[in-house]
>>> print(open('structure13.txt').read())   # compact mmCIF, C-alpha atoms
# COMPACT_ATOMS: atom_id res chain seq x y z
CA MET A 133 63.93 107.84 135.38
CA ALA A 134 63.23 106.86 138.96
CA ARG A 135 62.49 103.27 139.79
CA LEU A 136 60.30 103.73 142.81
CA GLU A 137 59.71 100.16 143.82
CA LYS A 138 62.45 97.76 144.72
CA ILE A 139 62.23 94.87 142.31
CA LYS A 140 62.42 91.46 143.90
CA TYR A 141 64.47 88.86 142.11
CA LYS A 142 62.30 86.02 140.92
CA PRO A 143 63.79 82.96 139.25
CA ILE A 144 62.30 83.35 135.77
CA SER A 145 64.12 81.91 132.78
CA VAL A 146 66.03 84.36 130.60
CA ARG A 147 64.12 82.97 127.64
CA ASP A 148 60.72 83.75 129.16
CA LEU A 149 61.83 87.24 130.13
CA LEU A 150 63.13 87.92 126.62
CA VAL A 151 59.93 86.64 125.00
CA GLU A 152 57.81 88.85 127.22
CA MET A 153 59.99 91.90 126.56
CA LYS A 154 59.83 91.30 122.81
CA ASP A 155 56.06 90.76 122.76
CA LEU A 156 55.37 93.75 125.00
CA SER A 157 57.60 96.12 123.05
CA GLU A 158 55.98 95.19 119.74
CA LEU A 159 52.50 95.64 121.15
CA MET A 160 53.53 98.98 122.66
CA ILE A 161 54.48 100.40 119.27
CA ASP A 162 51.05 99.53 117.88
CA LEU A 163 49.34 100.96 120.95
CA ALA A 164 51.40 104.15 120.89
CA TYR A 165 50.68 104.84 117.21
CA SER A 166 47.02 104.14 117.80
CA ALA A 167 47.00 106.42 120.85
CA ALA A 168 48.51 109.22 118.74
CA LEU A 169 46.13 108.65 115.82
CA PHE A 170 42.97 108.65 117.94
CA ASN A 171 44.33 110.94 120.65
CA SER A 172 43.46 108.26 123.20
CA ARG A 173 44.53 108.75 126.81
CA PRO A 174 43.55 105.21 127.90
CA LEU A 175 45.81 103.67 125.25
CA ALA A 176 48.62 106.07 126.09
CA GLU A 177 48.30 105.24 129.78
CA GLU A 178 48.51 101.55 128.98
CA VAL A 179 51.72 102.14 127.06
CA ILE A 180 53.22 103.83 130.13
CA GLU A 181 52.14 100.84 132.28
CA MET A 182 53.84 98.50 129.84
CA GLU A 183 56.98 100.62 129.77
CA LYS A 184 57.32 100.15 133.52
CA GLN A 185 56.85 96.43 133.08
CA VAL A 186 59.54 96.26 130.39
CA ASP A 187 61.90 98.17 132.70
CA ASN A 188 61.24 95.63 135.45
CA LEU A 189 61.77 92.73 133.08
CA ALA A 190 65.02 94.26 131.84
CA TYR A 191 66.25 94.43 135.41
CA LEU A 192 65.32 90.82 136.12
CA LEU A 193 66.86 89.70 132.84
CA ASP A 194 70.19 91.36 133.65
CA MET A 195 70.28 89.48 136.94
CA SER A 196 69.24 86.16 135.40
CA ALA A 197 71.78 86.50 132.60
CA MET A 198 74.57 87.06 135.10
CA LEU A 199 73.54 84.03 137.08
CA ALA A 200 73.36 81.97 133.87
CA ALA A 201 76.92 82.71 132.78
CA ARG A 202 79.20 79.85 133.87
CA ASP A 203 82.30 80.60 131.83
CA ALA A 204 83.73 83.16 129.42
CA LYS A 205 82.19 81.53 126.34
CA ASP A 206 78.81 81.50 128.02
CA ALA A 207 79.20 85.13 128.99
CA GLU A 208 80.10 86.09 125.43
CA SER A 209 77.01 84.55 123.92
CA LEU A 210 74.87 86.00 126.69
CA VAL A 211 76.01 89.41 125.47
CA ALA A 212 73.77 88.78 122.47
CA VAL A 213 70.85 88.22 124.83
CA ALA A 214 71.60 91.48 126.63
CA VAL A 215 71.76 93.37 123.32
CA VAL A 216 68.42 91.98 122.15
CA ALA A 217 66.86 92.75 125.53
CA GLY A 218 68.32 96.26 125.36
CA ALA A 219 66.82 96.68 121.90
CA THR A 220 63.35 95.77 123.15
CA ASP A 221 63.88 98.28 125.96
CA LYS A 222 64.73 101.01 123.41
CA ILE A 223 61.61 100.16 121.42
CA SER A 224 59.60 100.36 124.61
CA ASP A 225 61.10 103.80 125.38
CA ALA A 226 60.23 104.97 121.88
CA ALA A 227 56.61 103.92 122.38
CA GLY A 228 56.63 105.65 125.76
CA ASP A 229 57.83 108.89 124.13
CA ILE A 230 54.86 108.85 121.76
CA ALA A 231 52.44 108.03 124.59
CA THR A 232 53.82 110.95 126.60
CA ILE A 233 52.93 113.52 123.93
CA VAL A 234 49.36 112.20 124.02
CA LEU A 235 49.22 112.41 127.82
CA ARG A 236 50.75 115.89 127.88
CA GLU A 237 48.01 117.02 125.52
CA ILE A 238 50.53 118.76 123.32
CA GLY A 239 48.11 118.26 120.50
CA ILE A 240 48.76 115.85 117.70
CA HIS A 241 49.81 117.75 114.60
CA PRO A 242 47.66 116.81 111.57
CA ILE A 243 50.87 115.61 109.90
CA VAL A 244 51.17 112.83 112.47
CA ARG A 245 47.56 111.80 111.90
CA GLU A 246 48.04 111.83 108.15
CA ALA A 247 51.17 109.75 108.48
CA PHE A 248 49.28 107.13 110.45
CA GLU A 249 46.02 107.24 108.56
CA LYS A 250 46.86 104.05 106.70
CA VAL A 251 46.28 102.22 109.97
CA GLU A 252 42.99 100.49 109.21
CA GLU A 253 42.56 98.70 112.46
CA GLN A 254 41.79 100.46 115.68
CA LEU A 255 42.88 99.51 119.18
CA THR A 256 40.97 99.95 122.37
CA ARG A 257 41.46 99.42 126.08
CA THR A 258 38.53 98.47 128.28
CA GLU A 259 38.20 97.33 131.86
CA ILE A 260 35.93 94.40 132.65
CA GLN A 261 33.53 95.84 135.21
CA LYS A 262 32.17 94.00 138.23
CA GLY A 263 29.13 92.03 137.10
CA SER A 264 30.12 92.32 133.42
CA VAL A 265 28.44 89.85 131.05
CA TRP A 266 31.92 88.95 129.88
CA ALA A 267 33.41 88.10 133.28
CA ASN A 268 34.46 84.50 133.98
CA ARG A 269 34.12 83.44 130.37
CA THR A 270 36.86 82.19 128.06
CA LEU A 271 37.86 84.09 124.95
CA ARG A 272 36.48 81.16 122.94
CA ASP A 273 33.06 81.62 124.59
CA LEU A 274 33.01 85.34 123.88
CA GLU A 275 33.37 84.68 120.13
CA LEU A 276 34.57 88.22 119.54
CA ALA A 277 36.44 87.43 116.33
CA PRO A 278 33.58 85.72 114.45
CA LYS A 279 30.89 88.04 115.84
CA MET A 280 32.48 91.46 115.46
CA GLY A 281 35.90 90.93 113.93
CA VAL A 282 37.68 91.95 117.11
CA ASP A 283 40.69 90.21 118.68
CA ILE A 284 41.78 90.55 122.29
CA ILE A 285 45.51 90.94 121.91
CA ALA A 286 46.44 91.48 125.56
CA ILE A 287 45.03 91.24 129.05
CA ARG A 288 46.45 93.05 132.05
CA ARG A 289 45.62 91.44 135.37
CA ASN A 290 47.00 93.63 138.15
CA LYS A 291 50.57 94.05 137.02
CA GLU A 292 50.85 90.91 134.91
CA PHE A 293 50.42 91.08 131.17
CA ILE A 294 49.10 88.19 129.13
CA ILE A 295 50.12 88.93 125.55
CA ASN A 296 48.33 87.15 122.70
CA PRO A 297 46.15 85.14 125.11
CA GLU A 298 45.03 81.65 124.15
CA HIS A 299 41.40 80.83 123.35
CA ASP A 300 40.92 79.09 126.69
CA GLU A 301 42.06 82.12 128.69
CA LEU A 302 39.42 83.35 131.13
CA VAL A 303 38.42 87.01 131.28
CA LEU A 304 38.00 88.11 134.91
CA GLU A 305 36.40 91.08 136.64
CA GLY A 306 38.90 93.90 136.86
CA ASP A 307 40.92 92.71 133.87
CA VAL A 308 42.08 95.41 131.49
CA VAL A 309 41.68 94.06 127.97
CA ILE A 310 43.28 95.47 124.85
CA ALA A 311 41.55 94.65 121.60
CA ARG A 312 42.17 95.26 117.91
CA GLY A 313 39.69 95.38 115.05
CA ALA A 314 37.94 97.39 112.37
CA PRO A 315 36.42 100.65 113.72
CA MET A 316 32.80 99.38 113.61
CA GLY A 317 33.65 96.18 115.47
CA ILE A 318 35.61 98.14 118.06
CA GLU A 319 32.60 100.40 118.67
CA GLU A 320 30.38 97.39 119.33
CA PHE A 321 33.07 95.84 121.50
CA GLU A 322 33.27 98.96 123.67
CA ARG A 323 29.47 99.08 124.01
CA LEU A 324 29.23 95.42 125.01
CA ALA A 325 32.27 95.47 127.26
CA GLY A 326 30.56 98.07 129.43
CA LYS A 327 27.44 95.95 129.79
CA THR A 328 26.80 94.35 133.16
CA LEU A 329 24.55 91.41 133.89
CA MET A 330 22.01 93.85 135.36
CA SER A 331 21.97 96.21 132.40
CA ALA A 332 21.89 93.24 130.02
CA GLY A 333 18.83 91.85 131.77
CA SER A 334 16.97 95.13 132.07
CA MET B 113 78.22 107.92 115.13
CA ALA B 114 79.89 109.67 112.21
CA ARG B 115 77.75 110.99 109.39
CA LEU B 116 80.23 110.80 106.58
CA GLU B 117 78.23 112.28 103.75
CA LYS B 118 76.86 115.77 103.78
CA ILE B 119 73.12 115.50 103.41
CA LYS B 120 71.60 117.85 100.87
CA TYR B 121 68.35 119.47 101.86
CA LYS B 122 65.56 118.37 99.55
CA PRO B 123 62.08 119.82 99.81
CA ILE B 124 60.18 116.71 100.90
CA SER B 125 57.01 117.04 102.95
CA VAL B 126 57.30 116.34 106.66
CA ARG B 127 54.42 113.91 106.27
CA ASP B 128 56.22 111.86 103.61
CA LEU B 129 59.40 111.80 105.67
CA LEU B 130 57.53 110.65 108.75
CA VAL B 131 55.68 107.91 106.84
CA GLU B 132 58.94 106.61 105.41
CA MET B 133 60.66 106.66 108.82
CA LYS B 134 57.74 104.81 110.42
CA ASP B 135 57.53 102.19 107.67
CA LEU B 136 61.29 101.65 107.57
CA SER B 137 61.64 101.34 111.34
CA GLU B 138 58.86 98.75 111.57
CA LEU B 139 60.33 96.73 108.74
CA MET B 140 63.78 96.93 110.36
CA ILE B 141 62.54 95.30 113.55
CA ASP B 142 61.17 92.34 111.59
CA LEU B 143 64.37 92.10 109.55
CA ALA B 144 66.60 92.31 112.63
CA TYR B 145 64.72 89.57 114.49
CA SER B 146 64.81 87.40 111.39
CA ALA B 147 68.54 88.09 110.93
CA ALA B 148 69.15 86.97 114.52
CA LEU B 149 66.94 83.90 114.22
CA PHE B 150 68.53 82.65 111.00
CA ASN B 151 71.94 84.18 111.63
CA SER B 152 71.67 85.94 108.28
CA ARG B 153 74.35 88.43 107.30
CA PRO B 154 72.47 89.71 104.21
CA LEU B 155 69.44 90.63 106.32
CA ALA B 156 71.63 92.20 109.00
CA GLU B 157 73.47 94.24 106.35
CA GLU B 158 70.16 95.47 104.99
CA VAL B 159 69.14 96.62 108.46
CA ILE B 160 72.35 98.67 108.68
CA GLU B 161 71.59 100.22 105.24
CA MET B 162 68.13 101.13 106.44
CA GLU B 163 69.48 102.59 109.68
CA LYS B 164 71.60 105.02 107.64
CA GLN B 165 68.53 105.94 105.61
CA VAL B 166 66.47 106.60 108.75
CA ASP B 167 69.29 108.81 110.07
CA ASN B 168 69.22 110.80 106.83
CA LEU B 169 65.45 111.12 106.91
CA ALA B 170 65.58 112.27 110.54
CA TYR B 171 67.99 115.02 109.52
CA LEU B 172 65.81 116.13 106.63
CA LEU B 173 62.72 116.01 108.83
CA ASP B 174 64.30 118.27 111.44
CA MET B 175 65.04 120.84 108.75
CA SER B 176 61.61 120.57 107.14
CA ALA B 177 59.85 120.87 110.50
CA MET B 178 61.75 124.05 111.29
CA LEU B 179 60.82 125.55 107.95
CA ALA B 180 57.19 124.53 108.48
CA ALA B 181 56.80 126.35 111.81
CA ARG B 182 55.21 129.76 111.19
CA ASP B 183 54.25 130.70 114.73
CA ALA B 184 54.51 129.50 118.32
CA LYS B 185 51.38 127.36 118.13
CA ASP B 186 52.64 125.72 114.97
CA ALA B 187 55.99 125.08 116.60
CA GLU B 188 54.34 123.49 119.62
CA SER B 189 52.37 121.00 117.59
CA LEU B 190 55.40 120.27 115.44
CA VAL B 191 57.12 119.12 118.63
CA ALA B 192 54.81 116.10 118.45
CA VAL B 193 56.12 115.37 114.97
CA ALA B 194 59.71 115.58 116.21
CA VAL B 195 58.93 113.21 119.09
CA VAL B 196 57.33 110.64 116.80
CA ALA B 197 60.21 110.94 114.35
CA GLY B 198 62.64 110.53 117.24
CA ALA B 199 60.76 107.42 118.33
CA THR B 200 61.12 105.83 114.89
CA ASP B 201 64.81 106.70 115.05
CA LYS B 202 65.13 104.91 118.42
CA ILE B 203 63.37 101.85 116.98
CA SER B 204 65.74 101.94 114.04
CA ASP B 205 68.72 102.09 116.42
CA ALA B 206 67.34 99.12 118.36
CA ALA B 207 67.10 97.09 115.14
CA GLY B 208 70.63 98.20 114.25
CA ASP B 209 71.92 96.92 117.61
CA ILE B 210 70.50 93.47 116.91
CA ALA B 211 71.90 93.48 113.36
CA THR B 212 75.32 94.39 114.71
CA ILE B 213 75.54 91.29 116.92
CA VAL B 214 74.83 89.19 113.82
CA LEU B 215 77.50 91.01 111.79
CA ARG B 216 80.04 90.81 114.60
CA GLU B 217 79.50 87.06 114.65
CA ILE B 218 79.20 87.11 118.42
CA GLY B 219 77.11 83.98 118.07
CA ILE B 220 73.41 83.98 118.76
CA HIS B 221 72.73 82.37 122.11
CA PRO B 222 70.16 79.54 121.85
CA ILE B 223 67.97 81.55 124.22
CA VAL B 224 67.55 84.24 121.57
CA ARG B 225 66.63 81.66 118.94
CA GLU B 226 64.14 80.03 121.30
CA ALA B 227 62.62 83.40 122.09
CA PHE B 228 62.08 84.07 118.40
CA GLU B 229 61.10 80.59 117.31
CA LYS B 230 57.42 81.54 117.19
CA VAL B 231 58.25 83.55 114.06
CA GLU B 232 56.63 81.40 111.41
CA GLU B 233 57.45 83.49 108.42
CA GLN B 234 60.91 83.90 107.09
CA LEU B 235 62.46 86.93 105.45
CA THR B 236 65.00 87.00 102.70
CA ARG B 237 67.03 89.54 100.75
CA THR B 238 67.92 88.91 97.12
CA GLU B 239 69.46 90.99 94.37
CA ILE B 240 67.90 90.92 90.92
CA GLN B 241 70.79 89.90 88.71
CA LYS B 242 71.50 91.23 85.24
CA GLY B 243 69.41 89.19 82.80
CA SER B 244 67.18 87.84 85.55
CA VAL B 245 63.87 86.34 84.42
CA TRP B 246 62.22 88.69 86.90
CA ALA B 247 63.73 91.95 85.62
CA ASN B 248 61.43 94.55 84.07
CA ARG B 249 58.28 92.82 85.24
CA THR B 250 55.68 94.16 87.62
CA LEU B 251 54.99 92.49 90.96
CA ARG B 252 51.55 91.59 89.62
CA ASP B 253 53.16 89.72 86.69
CA LEU B 254 55.50 87.80 88.98
CA GLU B 255 52.52 86.37 90.89
CA LEU B 256 54.71 85.51 93.85
CA ALA B 257 51.90 85.54 96.40
CA PRO B 258 49.53 83.12 94.63
CA LYS B 259 52.32 80.90 93.30
CA MET B 260 54.55 80.50 96.36
CA GLY B 261 52.96 82.46 99.17
CA VAL B 262 55.73 85.04 99.16
CA ASP B 263 55.29 88.81 99.39
CA ILE B 264 57.86 91.37 98.35
CA ILE B 265 57.70 93.82 101.24
CA ALA B 266 60.45 96.21 100.18
CA ILE B 267 62.66 97.07 97.25
CA ARG B 268 65.92 98.99 97.52
CA ARG B 269 66.94 100.78 94.34
CA ASN B 270 70.34 102.37 94.87
CA LYS B 271 69.71 104.27 98.10
CA GLU B 272 65.95 104.65 97.79
CA PHE B 273 63.64 102.29 99.59
CA ILE B 274 60.19 101.40 98.30
CA ILE B 275 58.33 99.98 101.29
CA ASN B 276 55.21 97.87 100.69
CA PRO B 277 55.42 98.33 96.91
CA GLU B 278 52.21 98.43 94.86
CA HIS B 279 51.29 95.63 92.46
CA ASP B 280 52.22 97.74 89.44
CA GLU B 281 55.75 98.40 90.71
CA LEU B 282 58.43 97.20 88.28
CA VAL B 283 61.32 95.06 89.44
CA LEU B 284 64.55 96.21 87.80
CA GLU B 285 68.02 94.74 87.35
CA GLY B 286 70.14 95.56 90.38
CA ASP B 287 67.16 95.97 92.71
CA VAL B 288 67.55 94.48 96.14
CA VAL B 289 64.24 92.88 97.08
CA ILE B 290 63.16 91.85 100.56
CA ALA B 291 60.49 89.19 100.72
CA ARG B 292 58.50 87.47 103.43
CA GLY B 293 56.82 84.07 103.40
CA ALA B 294 56.67 80.55 104.73
CA PRO B 295 60.09 78.79 104.71
CA MET B 296 59.27 76.55 101.69
CA GLY B 297 58.04 79.45 99.60
CA ILE B 298 61.11 81.48 100.53
CA GLU B 299 63.38 78.63 99.40
CA GLU B 300 61.69 78.54 95.99
CA PHE B 301 61.79 82.33 95.81
CA GLU B 302 65.55 82.35 96.40
CA ARG B 303 66.10 79.67 93.77
CA LEU B 304 64.03 81.48 91.13
CA ALA B 305 65.37 84.93 91.98
CA GLY B 306 68.84 83.74 91.02
CA LYS B 307 67.66 82.46 87.64
CA THR B 308 68.72 84.41 84.58
CA LEU B 309 67.14 84.33 81.13
CA MET B 310 70.11 82.22 79.95
CA SER B 311 69.91 79.65 82.71
CA ALA B 312 66.14 79.55 82.38
CA GLY B 313 66.42 78.89 78.66
CA SER B 314 69.13 76.25 78.93
>>> encode(input="structure13.txt", output="structure tokens")
Amino acid sequence: MARLEKIKYKPISVRDLLVEMKDLSELMIDLAYSAALFNSRPLAEEVIEMEKQVDNLAYLLDMSAMLAARDAKDAESLVAVAVVAGATDKISDAAGDIATIVLREIGIHPIVREAFEKVEEQLTRTEIQKGSVWANRTLRDLELAPKMGVDIIAIRRNKEFIINPEHDELVLEGDVVIARGAPMGIEEFERLAGKTLMSAGS
Amino acid sequence: MARLEKIKYKPISVRDLLVEMKDLSELMIDLAYSAALFNSRPLAEEVIEMEKQVDNLAYLLDMSAMLAARDAKDAESLVAVAVVAGATDKISDAAGDIATIVLREIGIHPIVREAFEKVEEQLTRTEIQKGSVWANRTLRDLELAPKMGVDIIAIRRNKEFIINPEHDELVLEGDVVIARGAPMGIEEFERLAGKTLMSAGS
């Protein structure tokens, strides 16, 4: 796997890197299964985006861990950190594998769909358009959970992921939001997410 | 990795195998993180048991998928099944890696604990002793969820795993049960699980 961009070392704590890797990898599994179940390219593409991010984080974590080790005892216990980080990387790869079969349009065998049919909640990925009625509002304001039973579980802003965003997080134009909910709520969410101030007023 | 036992081919549907692999691998991740957070050998050992089971299922699935392919088109779409199965196997390996650092007593670096501290629910593994007050009762009868906020999420009976057991599932002597709940509920669960009819009557 080619890493095309040179990754700049940023001083981020090993803890923060590990938390982000763990959160991303868990979300990726859900997204990948959902992408396979609903044969969704947008979800599969998002998984691939996240896989790149996990790779970058793994690289930064390796560097940070080495800088953090001050003696042999330190280094030994940091091995545990490296193993856990490696595990999240494996999980991320696994999700990427599933996303790839969706993107390659191999065709999802009915067996796979049947195996995943117990999944009651659906996931979706939507981009907040310019002039969207949702832009510049907090998640609390949008009231998605009480109104349609939908939760925004991640926001991608350029290349940064905000996993499990807080209620006071703002949604901005150009954000890619990933939401989870019952199929009917998700349908309404997708309809409303596409609405701009102009179309809402017309 | 040595596979010591010869695995006998059993005619199980590819779908059932895939469902079990998916369910087991997801449970393993939760168990592995919990094992690392609480430095729990019993949980880590259970993850290793499950990893062996996933390996066996992967082997059976490969055979079943080959038998299921009747023509080239069939074979192509079965590739998707193999990829998804392979992904669950990778996830299972990742969980096994984390369990191994617990079992090797490398010592969990505080960073790992901090990264996982958001986990509010605790997991536990308990064996139903001979003469236990819980033996030969259904999960519904035990009323663990309403009484102590604890859910039995898996039962291991010899080498078979019952993941997300139904309410009418019986708990038998010798069963290994894995439960999830808030720390206080889990404490009570562990205390009661160890109770036998004799100690309960005395």
>>> closest_atom_pairs(input="structure13.txt", of="chain B", to="chain A", cutoff="8 Å", atoms="only C-alpha atoms", output="tab-separated table")
residue	atom	partner	partner_atom	distance
B:Val126	CA	A:Ile243	CA	7.2
B:Arg127	CA	A:Ile243	CA	5.4
B:Asp128	CA	A:Ala247	CA	7.3
B:Leu130	CA	A:Ala247	CA	6.4
B:Val131	CA	A:Ala247	CA	5.1
B:Glu188	CA	A:Ile238	CA	7.1
B:Ser189	CA	A:His241	CA	5.1
B:Leu190	CA	A:His241	CA	6.2
B:Ala192	CA	A:Ile240	CA	6.1
B:Val193	CA	A:Val244	CA	6.1
B:Val195	CA	A:Ile230	CA	6.5
B:Val196	CA	A:Ile230	CA	5.8
B:Gly198	CA	A:Ala226	CA	7.6
B:Ala199	CA	A:Ala226	CA	4.3
B:Thr200	CA	A:Ala226	CA	7.1
B:Lys202	CA	A:Ala226	CA	6.0
B:Ile203	CA	A:Ile223	CA	5.1
B:Asp205	CA	A:Ala219	CA	7.9
B:Ala206	CA	A:Ala219	CA	4.3
B:Ala207	CA	A:Ala219	CA	6.8
B:Asp209	CA	A:Ala219	CA	6.7
B:Ile210	CA	A:Val216	CA	5.8
B:Ile213	CA	A:Ala212	CA	6.3
B:Ile218	CA	A:Ser209	CA	6.4
B:Gly219	CA	A:Ser209	CA	5.9
B:Ile220	CA	A:Ala212	CA	6.1
B:His221	CA	A:Ser209	CA	5.1
B:Ile223	CA	A:Arg147	CA	5.3
B:Val224	CA	A:Val213	CA	6.1
B:Glu226	CA	A:Arg147	CA	7.0
B:Ala227	CA	A:Val151	CA	5.1
B:Phe228	CA	A:Val151	CA	7.4
>>> residues_around(input="structure13.txt", residues="Ser146 in chain B", least_positions_apart="4", cutoff="9 Å", atoms="all atoms listed in the file", output="ChimeraX atom specification")
/B:141-142,150-152,155-156,228,231,233-236
>>> atom_distance(input="structure13.txt", atom1="CA of Asp283 in chain A", atom2="CA of Thr328 in chain A")
20.5 Å
>>> atom_distance(input="structure13.txt", atom1="CA of Thr250 in chain B", atom2="CA of Glu299 in chain B")
21.0 Å
>>> residues_around(input="structure13.txt", residues="Arg288 in chain A", least_positions_apart="4", cutoff="10 Å", atoms="all atoms listed in the file", output="ChimeraX atom specification")
/A:178,181-182,259,292-295,306-310
>>> closest_residue(input="structure13.txt", among="B:Gly243, B:Pro258, B:Gly297, B:Pro154", to="Val283 in chain B", atoms="all atoms listed in the file")
B:Gly243
>>> atom_distance(input="structure13.txt", atom1="CA of Leu139 in chain B", atom2="CA of Leu276 in chain A")
29.2 Å
>>> residues_around(input="structure13.txt", residues="Phe321 in chain A", least_positions_apart="4", cutoff="10 Å", atoms="all atoms listed in the file", output="list in words")
Thr256, Thr258, Leu276, Lys279, Met280, Gly281, Val282, Asp283, Ala311, Arg312, Gly313, Pro315, Met316, Gly317, Ala325 and Gly326 of chain A
>>> write_last_selection(input="structure13.txt", atoms="C-alpha atoms", output="PDB file, in the frame of the given file")
ATOM      1  CA  THR A 256      40.970  99.950 122.370  1.00  0.00           C
ATOM      2  CA  THR A 258      38.530  98.470 128.280  1.00  0.00           C
ATOM      3  CA  LEU A 276      34.570  88.220 119.540  1.00  0.00           C
ATOM      4  CA  LYS A 279      30.890  88.040 115.840  1.00  0.00           C
ATOM      5  CA  MET A 280      32.480  91.460 115.460  1.00  0.00           C
ATOM      6  CA  GLY A 281      35.900  90.930 113.930  1.00  0.00           C
ATOM      7  CA  VAL A 282      37.680  91.950 117.110  1.00  0.00           C
ATOM      8  CA  ASP A 283      40.690  90.210 118.680  1.00  0.00           C
ATOM      9  CA  ALA A 311      41.550  94.650 121.600  1.00  0.00           C
ATOM     10  CA  ARG A 312      42.170  95.260 117.910  1.00  0.00           C
ATOM     11  CA  GLY A 313      39.690  95.380 115.050  1.00  0.00           C
ATOM     12  CA  PRO A 315      36.420 100.650 113.720  1.00  0.00           C
ATOM     13  CA  MET A 316      32.800  99.380 113.610  1.00  0.00           C
ATOM     14  CA  GLY A 317      33.650  96.180 115.470  1.00  0.00           C
ATOM     15  CA  ALA A 325      32.270  95.470 127.260  1.00  0.00           C
ATOM     16  CA  GLY A 326      30.560  98.070 129.430  1.00  0.00           C
TER      17      GLY A 326
END
>>> decode(input="structure13.txt", residues="range 145-156 of chain A", atoms="N, CA and C atoms", output="PDB file, in the first residue's frame")
ATOM      1  N   SER A 145      -0.690  13.773  21.659  1.00  0.00           N
ATOM      2  CA  SER A 145      -0.422  12.782  22.702  1.00  0.00           C
ATOM      3  C   SER A 145      -0.773  11.389  22.193  1.00  0.00           C
ATOM      4  N   VAL A 146       0.007  10.413  22.674  1.00  0.00           N
ATOM      5  CA  VAL A 146      -0.223   9.016  22.298  1.00  0.00           C
ATOM      6  C   VAL A 146      -1.652   8.619  22.670  1.00  0.00           C
ATOM      7  N   ARG A 147      -2.099   9.107  23.816  1.00  0.00           N
ATOM      8  CA  ARG A 147      -3.450   8.789  24.270  1.00  0.00           C
ATOM      9  C   ARG A 147      -4.502   9.257  23.252  1.00  0.00           C
ATOM     10  N   ASP A 148      -4.385  10.511  22.833  1.00  0.00           N
ATOM     11  CA  ASP A 148      -5.361  11.050  21.877  1.00  0.00           C
ATOM     12  C   ASP A 148      -5.336  10.281  20.554  1.00  0.00           C
ATOM     13  N   LEU A 149      -4.132   9.928  20.118  1.00  0.00           N
ATOM     14  CA  LEU A 149      -4.014   9.177  18.869  1.00  0.00           C
ATOM     15  C   LEU A 149      -4.699   7.817  18.999  1.00  0.00           C
ATOM     16  N   LEU A 150      -4.462   7.169  20.149  1.00  0.00           N
ATOM     17  CA  LEU A 150      -5.027   5.833  20.367  1.00  0.00           C
ATOM     18  C   LEU A 150      -6.548   5.895  20.440  1.00  0.00           C
ATOM     19  N   VAL A 151      -7.071   6.913  21.122  1.00  0.00           N
ATOM     20  CA  VAL A 151      -8.528   7.069  21.224  1.00  0.00           C
ATOM     21  C   VAL A 151      -9.125   7.257  19.834  1.00  0.00           C
ATOM     22  N   GLU A 152      -8.474   8.099  19.022  1.00  0.00           N
ATOM     23  CA  GLU A 152      -9.035   8.346  17.697  1.00  0.00           C
ATOM     24  C   GLU A 152      -8.976   7.085  16.831  1.00  0.00           C
ATOM     25  N   MET A 153      -7.870   6.341  16.930  1.00  0.00           N
ATOM     26  CA  MET A 153      -7.756   5.102  16.156  1.00  0.00           C
ATOM     27  C   MET A 153      -8.827   4.094  16.567  1.00  0.00           C
ATOM     28  N   LYS A 154      -9.043   3.998  17.878  1.00  0.00           N
ATOM     29  CA  LYS A 154     -10.046   3.048  18.388  1.00  0.00           C
ATOM     30  C   LYS A 154     -11.444   3.452  17.911  1.00  0.00           C
ATOM     31  N   ASP A 155     -11.784   4.716  18.094  1.00  0.00           N
ATOM     32  CA  ASP A 155     -13.118   5.194  17.709  1.00  0.00           C
ATOM     33  C   ASP A 155     -13.353   5.046  16.206  1.00  0.00           C
ATOM     34  N   LEU A 156     -12.352   5.436  15.420  1.00  0.00           N
ATOM     35  CA  LEU A 156     -12.488   5.339  13.967  1.00  0.00           C
ATOM     36  C   LEU A 156     -12.666   3.888  13.531  1.00  0.00           C
TER      37      LEU A 156
END
